[in-house]
>>> print(open('coords13.pdb').read())   # PDB, C-alpha atoms
ATOM      1  CA  ALA R 217       0.000   0.000   0.000
ATOM      2  CA  LYS R 218       2.877   2.397   0.773
ATOM      3  CA  ILE R 219       4.399   1.990  -2.675
ATOM      4  CA  LEU R 220       1.070   2.083  -4.515
ATOM      5  CA  ASN R 221       0.133   5.236  -2.593
ATOM      6  CA  LYS R 222       2.836   7.049  -4.571
ATOM      7  CA  ILE R 223       0.827   6.562  -7.771
ATOM      8  CA  PRO R 224      -1.858   9.225  -8.301
ATOM      9  CA  LYS R 225      -5.305   7.867  -7.426
ATOM     10  CA  ASP R 226      -6.714   8.756 -10.834
ATOM     11  CA  LYS R 227      -3.956   6.743 -12.573
ATOM     12  CA  LEU R 228      -4.303   3.528 -10.601
ATOM     13  CA  LEU R 229      -6.626   0.543 -11.022
ATOM     14  CA  ILE R 230      -6.058  -2.278  -8.571
ATOM     15  CA  LEU R 231      -7.098  -5.686  -9.889
ATOM     16  CA  ASP R 232      -7.696  -9.013  -8.174
ATOM     17  CA  ILE R 233      -6.980  -8.261  -4.493
ATOM     18  CA  ASP R 234      -8.862  -5.789  -2.303
ATOM     19  CA  VAL R 235      -6.273  -3.512  -0.713
ATOM     20  CA  THR R 236      -8.133  -2.690   2.489
ATOM     21  CA  GLU R 237      -5.762   0.148   3.405
ATOM     22  CA  PHE R 238      -7.092   2.169   0.457
ATOM     23  CA  SER R 239     -10.168   4.363   0.648
ATOM     24  CA  ASN R 240     -12.987   4.361  -1.881
ATOM     25  CA  ASP R 241     -11.144   7.170  -3.694
ATOM     26  CA  TYR R 242      -9.282   4.391  -5.536
ATOM     27  CA  ALA R 243     -10.554   2.090  -8.281
ATOM     28  CA  ILE R 244     -10.402  -1.480  -6.979
ATOM     29  CA  LEU R 245     -11.812  -4.445  -8.923
ATOM     30  CA  TYR R 246     -11.240  -7.521  -6.812
ATOM     31  CA  GLN R 247     -12.107 -11.170  -6.324
ATOM     32  CA  ASN R 248     -14.135 -11.794  -3.192
ATOM     33  CA  PHE R 249     -12.437 -15.113  -2.494
ATOM     34  CA  GLU R 250     -14.425 -15.928   0.647
ATOM     35  CA  SER R 251     -17.800 -15.280  -0.928
ATOM     36  CA  ASN R 252     -16.873 -16.873  -4.271
ATOM     37  CA  ILE R 253     -15.813 -20.225  -2.845
ATOM     38  CA  TYR R 254     -18.705 -20.283  -0.361
ATOM     39  CA  ASN R 255     -21.320 -19.543  -3.009
ATOM     40  CA  GLY R 256     -19.624 -21.722  -5.625
ATOM     41  CA  LEU R 257     -19.689 -24.703  -3.282
ATOM     42  CA  LYS R 258     -23.295 -23.922  -2.368
ATOM     43  CA  LEU R 259     -24.210 -24.299  -6.055
ATOM     44  CA  CYS R 260     -22.950 -27.893  -6.022
ATOM     45  CA  LEU R 261     -23.918 -28.808  -2.448
ATOM     46  CA  GLU R 262     -26.028 -31.813  -3.421
ATOM     47  CA  LYS R 263     -23.161 -33.324  -5.407
ATOM     48  CA  ILE R 264     -20.700 -32.658  -2.567
ATOM     49  CA  LYS R 265     -23.007 -34.404  -0.077
ATOM     50  CA  LYS R 266     -22.527 -37.761  -1.818
ATOM     51  CA  TYR R 267     -18.904 -37.836  -0.591
ATOM     52  CA  ASP R 268     -17.772 -38.722   2.931
ATOM     53  CA  ILE R 269     -15.542 -35.662   3.277
ATOM     54  CA  ILE R 270     -14.493 -32.606   1.275
ATOM     55  CA  ASN R 271     -10.816 -31.586   1.226
ATOM     56  CA  LEU R 272      -9.145 -28.307   0.367
ATOM     57  CA  VAL R 273      -5.647 -28.903  -1.065
ATOM     58  CA  LEU R 274      -3.344 -25.902  -0.504
ATOM     59  CA  SER R 275      -0.028 -26.903  -2.187
ATOM     60  CA  GLN R 276       2.060 -24.969   0.348
ATOM     61  CA  LYS R 277       5.399 -26.660  -0.422
ATOM     62  CA  SER R 278       5.222 -25.392  -3.983
ATOM     63  CA  PHE R 279       4.611 -21.890  -2.624
ATOM     64  CA  GLN R 280       1.164 -21.761  -4.175
ATOM     65  CA  TYR R 281      -0.506 -18.692  -2.678
ATOM     66  CA  THR R 282      -3.974 -19.424  -1.342
ATOM     67  CA  PRO R 283      -5.794 -16.307  -0.153
ATOM     68  CA  ASN R 284      -7.062 -16.514   3.424
ATOM     69  CA  GLY R 285     -10.549 -15.744   2.122
ATOM     70  CA  ILE R 286     -10.641 -19.091   0.332
ATOM     71  CA  ILE R 287      -9.765 -20.974   3.501
ATOM     72  CA  GLN R 288     -12.285 -18.944   5.527
ATOM     73  CA  GLY R 289     -15.064 -19.359   2.948
ATOM     74  CA  PHE R 290     -14.393 -23.100   2.622
ATOM     75  CA  THR R 291     -14.393 -23.617   6.400
ATOM     76  CA  LYS R 292     -17.553 -21.550   6.889
ATOM     77  CA  PHE R 293     -19.329 -23.458   4.102
ATOM     78  CA  CYS R 294     -18.466 -26.839   5.608
ATOM     79  CA  GLN R 295     -19.516 -25.735   9.090
ATOM     80  CA  ASP R 296     -22.761 -24.109   7.891
ATOM     81  CA  PHE R 297     -23.791 -27.270   6.026
ATOM     82  CA  ASP R 298     -22.432 -29.695   8.628
ATOM     83  CA  LEU R 299     -19.970 -31.360   6.254
ATOM     84  CA  LYS R 300     -16.862 -33.270   7.283
ATOM     85  CA  PHE R 301     -13.840 -31.471   5.885
ATOM     86  CA  ASP R 302     -10.092 -31.298   5.959
ATOM     87  CA  ILE R 303      -7.443 -28.875   4.795
ATOM     88  CA  ILE R 304      -4.510 -30.692   3.222
ATOM     89  CA  PRO R 305      -1.269 -28.663   3.079
ATOM     90  CA  ASP R 306       0.099 -30.675   0.111
ATOM     91  CA  LEU R 307      -0.599 -33.786  -1.917
ATOM     92  CA  GLU R 308       2.434 -35.851  -1.041
ATOM     93  CA  GLU R 309       1.828 -39.474  -1.837
ATOM     94  CA  GLU R 310      -0.816 -41.627  -3.400
ATOM     95  CA  TYR R 311      -2.358 -42.379   0.010
ATOM     96  CA  ASP R 312      -3.446 -38.745   0.273
ATOM     97  CA  ILE R 313      -6.183 -39.462  -2.256
ATOM     98  CA  GLN R 314      -9.050 -41.479  -0.820
ATOM     99  CA  GLU R 315     -12.106 -42.989  -2.433
ATOM    100  CA  ASN R 316     -15.498 -41.406  -1.633
ATOM    101  CA  GLN R 317     -13.920 -38.023  -0.936
ATOM    102  CA  ALA R 318     -14.093 -34.713  -2.797
ATOM    103  CA  TYR R 319     -11.087 -32.454  -3.356
ATOM    104  CA  ILE R 320     -10.656 -28.808  -4.252
ATOM    105  CA  VAL R 321      -7.321 -28.211  -6.001
ATOM    106  CA  PHE R 322      -5.640 -25.070  -7.277
ATOM    107  CA  ARG R 323      -2.548 -26.194  -9.146
ATOM    108  CA  GLU R 324      -2.847 -28.021 -12.438
ATOM    109  CA  PHE R 325       0.116 -30.122 -11.309
ATOM    110  CA  ASP R 326      -1.995 -31.440  -8.395
ATOM    111  CA  LEU R 327      -4.868 -32.068 -10.769
ATOM    112  CA  ILE R 328      -2.632 -34.140 -13.077
ATOM    113  CA  LYS R 329      -1.305 -36.026 -10.030
ATOM    114  CA  MET R 330      -4.874 -36.873  -9.030
ATOM    115  CA  ILE R 331      -5.771 -38.008 -12.535
ATOM    116  CA  ASN R 332      -2.771 -40.335 -12.633
ATOM    117  CA  TRP R 333      -3.480 -41.780  -9.169
ATOM    118  CA  CYS R 334      -7.121 -42.371 -10.018
ATOM    119  CA  LYS R 335      -6.209 -44.110 -13.271
ATOM    120  CA  LYS R 336      -3.952 -46.506 -11.325
ATOM    121  CA  LYS R 337      -6.845 -47.364  -8.996
ATOM    122  CA  ASN R 338      -9.484 -47.423 -11.769
ATOM    123  CA  TRP R 339     -11.467 -44.713 -10.004
ATOM    124  CA  GLU R 340     -13.753 -42.447 -11.982
ATOM    125  CA  PHE R 341     -14.121 -38.748 -11.314
ATOM    126  CA  GLY R 342     -17.663 -37.921 -10.322
ATOM    127  CA  GLU R 343     -18.263 -41.476  -9.125
ATOM    128  CA  ASP R 344     -15.482 -42.759  -6.871
ATOM    129  CA  ILE R 345     -13.902 -39.389  -6.191
ATOM    130  CA  GLY R 346     -14.937 -35.763  -6.663
ATOM    131  CA  VAL R 347     -12.746 -32.931  -7.909
ATOM    132  CA  ILE R 348     -13.314 -29.195  -8.152
ATOM    133  CA  SER R 349     -10.560 -26.985  -9.493
ATOM    134  CA  TYR R 350     -10.177 -23.270  -8.945
ATOM    135  CA  ASP R 351     -10.037 -20.958 -11.990
ATOM    136  CA  ASP R 352     -11.097 -22.267 -15.354
ATOM    137  CA  THR R 353      -8.753 -23.007 -18.251
ATOM    138  CA  PRO R 354      -9.432 -24.632 -21.641
ATOM    139  CA  LEU R 355      -7.532 -27.711 -20.451
ATOM    140  CA  LYS R 356     -10.070 -28.271 -17.656
ATOM    141  CA  GLU R 357     -12.862 -28.488 -20.226
ATOM    142  CA  ILE R 358     -11.373 -31.582 -21.842
ATOM    143  CA  ILE R 359      -9.179 -33.551 -19.420
ATOM    144  CA  SER R 360     -10.881 -36.493 -17.720
ATOM    145  CA  GLU R 361     -14.114 -35.645 -19.539
ATOM    146  CA  GLY R 362     -14.219 -32.226 -17.864
ATOM    147  CA  ILE R 363     -13.203 -30.831 -14.480
ATOM    148  CA  SER R 364     -15.764 -28.828 -12.479
ATOM    149  CA  VAL R 365     -14.480 -25.371 -11.553
ATOM    150  CA  ILE R 366     -15.158 -22.345  -9.412
ATOM    151  CA  SER R 367     -13.668 -19.441 -11.311
ATOM    152  CA  ASN R 368     -13.300 -15.718 -11.295
ATOM    153  CA  ASP R 369     -14.950 -14.377 -14.452
ATOM    154  CA  PHE R 370     -11.772 -13.086 -16.065
ATOM    155  CA  ALA R 371     -13.491 -11.958 -19.293
ATOM    156  CA  LEU R 372     -15.903  -9.849 -17.261
ATOM    157  CA  MET R 373     -12.990  -8.514 -15.195
ATOM    158  CA  GLY R 374     -11.382  -7.276 -18.413
ATOM    159  CA  LYS R 375     -14.601  -5.581 -19.574
ATOM    160  CA  LYS R 376     -15.208  -3.999 -16.159
ATOM    161  CA  SER R 377     -11.599  -2.784 -16.057
ATOM    162  CA  ALA R 378     -12.119  -0.961 -19.355
ATOM    163  CA  GLU R 379     -15.383   0.567 -18.052
ATOM    164  CA  ILE R 380     -13.683   1.716 -14.850
ATOM    165  CA  ILE R 381     -10.861   3.358 -16.786
ATOM    166  CA  LEU R 382     -13.050   4.959 -19.466
ATOM    167  CA  ASN R 383     -15.664   6.224 -17.003
ATOM    168  CA  LYS R 384     -13.206   7.113 -14.215
ATOM    169  CA  ILE R 385     -15.147   5.006 -11.701
ATOM    170  CA  LYS R 386     -13.838   4.886  -8.128
ATOM    171  CA  GLY R 387     -14.574   2.526  -5.248
ATOM    172  CA  ARG R 388     -14.521  -1.186  -4.547
ATOM    173  CA  ILE R 389     -16.188  -3.523  -7.005
ATOM    174  CA  ALA R 390     -16.329  -7.276  -6.426
ATOM    175  CA  ASN R 391     -15.940  -9.134  -9.698
ATOM    176  CA  ALA R 392     -18.337 -11.957 -10.546
ATOM    177  CA  PHE R 393     -17.468 -15.651 -10.338
ATOM    178  CA  TYR R 394     -19.082 -18.739 -11.784
ATOM    179  CA  PHE R 395     -19.358 -22.438 -11.066
ATOM    180  CA  GLN R 396     -18.979 -24.678 -14.111
ATOM    181  CA  ASP R 397     -20.344 -28.143 -13.443
ATOM    182  CA  ARG R 398     -18.556 -30.828 -15.406
ATOM    183  CA  ASN R 399     -18.087 -34.574 -14.983
ATOM    184  CA  SER R 400     -15.552 -34.528 -12.130
ATOM    185  CA  LEU R 401     -18.029 -33.976  -9.318
TER     186      LEU R 401
END
>>> encode(input="coords13.pdb", output="structure tokens")
Amino acid sequence: AKILNKIPKDKLLILDIDVTEFSNDYAILYQNFESNIYNGLKLCLEKIKKYDIINLVLSQKSFQYTPNGIIQGFTKFCQDFDLKFDIIPDLEEEYDIQENQAYIVFREFDLIKMINWCKKKNWEFGEDIGVISYDDTPLKEIISEGISVISNDFALMGKKSAEIILNKIKGRIANAFYFQDRNSL
């Protein structure tokens, strides 16, 4: 915030993260991580309920940054809907993946690891194991017959950014998210 404060307010658009130290005199278009994961999971609650437990995989050893809002939103969701849950720091070995459990993963590397492990055990996504990935990519549309995702709407973020700049809009604006249901859940 100290460094960004040196940039004139009318020349700065902050994207992705809400910088709480800034007043509404700044243009801030951010992801509401806590709300997005909570509401995204709520959209697929019935599918999640068919699993014994839902796991959030953080990938900390690879220095994958997971915003606190995601952890808070995930925990609140599980508590509000009385679901068994766990937060896994990293996927280390094959035994980390268990049948009849759902997993939320962020890194594509972890997703590929899961696909390989499930192939070895002849498990099917959406049947024996559930997977939700965070942030959509074209790859997630086609691998393993489609991976369900909770994603920031990046196309909309681009359009809103242009509107903010062209119309000199100030204040905090939470960008939209979506849940894309595919065969992995």
>>> closest_atom_pairs(input="coords13.pdb", of="range 240-273 of chain R", to="range 286-310 of chain R", cutoff="10 Å", atoms="only C-alpha atoms", output="CSV")
residue,atom,partner,partner_atom,distance
R:Asn248,CA,R:Ile286,CA,8.8
R:Phe249,CA,R:Ile286,CA,5.2
R:Glu250,CA,R:Gly289,CA,4.2
R:Ser251,CA,R:Gly289,CA,6.3
R:Asn252,CA,R:Gly289,CA,7.8
R:Ile253,CA,R:Gly289,CA,5.9
R:Tyr254,CA,R:Gly289,CA,5.0
R:Asn255,CA,R:Phe293,CA,8.4
R:Gly256,CA,R:Phe290,CA,9.9
R:Leu257,CA,R:Phe293,CA,7.5
R:Lys258,CA,R:Phe293,CA,7.6
R:Leu261,CA,R:Phe297,CA,8.6
R:Ile264,CA,R:Leu299,CA,8.9
R:Lys265,CA,R:Leu299,CA,7.7
R:Tyr267,CA,R:Lys300,CA,9.3
R:Asp268,CA,R:Lys300,CA,7.0
R:Ile269,CA,R:Lys300,CA,4.8
R:Ile270,CA,R:Phe301,CA,4.8
R:Asn271,CA,R:Asp302,CA,4.8
R:Leu272,CA,R:Ile303,CA,4.8
R:Val273,CA,R:Ile304,CA,4.8
>>> atom_distance(input="coords13.pdb", atom1="CA of Ile385 in chain R", atom2="CA of Ile219 in chain R")
21.7 Å
>>> closest_residue(input="coords13.pdb", among="R:Leu229, R:Val321, R:Leu259, R:Ala378", to="Asp352 in chain R", atoms="all atoms listed in the file")
R:Val321
>>> resolve_selection(input="coords13.pdb", expression="the PyMOL selection byres ((chain R and resi 370) around 12)", output="ChimeraX atom specification")
/R:231-232,245-247,351-353,366-369,371-377,391-394
>>> residues_around(input="coords13.pdb", residues="Ile331 in chain R", least_positions_apart="5", cutoff="10 Å", atoms="all atoms listed in the file", output="list in words")
Phe325, Asp326, Lys336, Trp339, Glu340, Phe341, Val347, Ile359 and Ser360 of chain R
>>> closest_residue(input="coords13.pdb", among="R:Ile358, R:Ile233, R:Ala318, R:Phe238", to="Ala217 in chain R", atoms="only C-alpha atoms")
R:Phe238
>>> resolve_selection(input="coords13.pdb", expression="the PyMOL selection byres ((chain R and resi 225) around 12)", output="number ranges by chain")
R: 220-224, 226-230, 238-244, 381, 384-387
>>> closest_residue(input="coords13.pdb", among="R:Ile320, R:Ile313, R:Lys263, R:Leu274", to="Asn399 in chain R", atoms="all atoms listed in the file")
R:Lys263
>>> atom_distance(input="coords13.pdb", atom1="CA of Ile363 in chain R", atom2="CA of Ser349 in chain R")
6.8 Å
>>> atom_distance(input="coords13.pdb", atom1="CA of Thr236 in chain R", atom2="CA of Leu382 in chain R")
23.8 Å
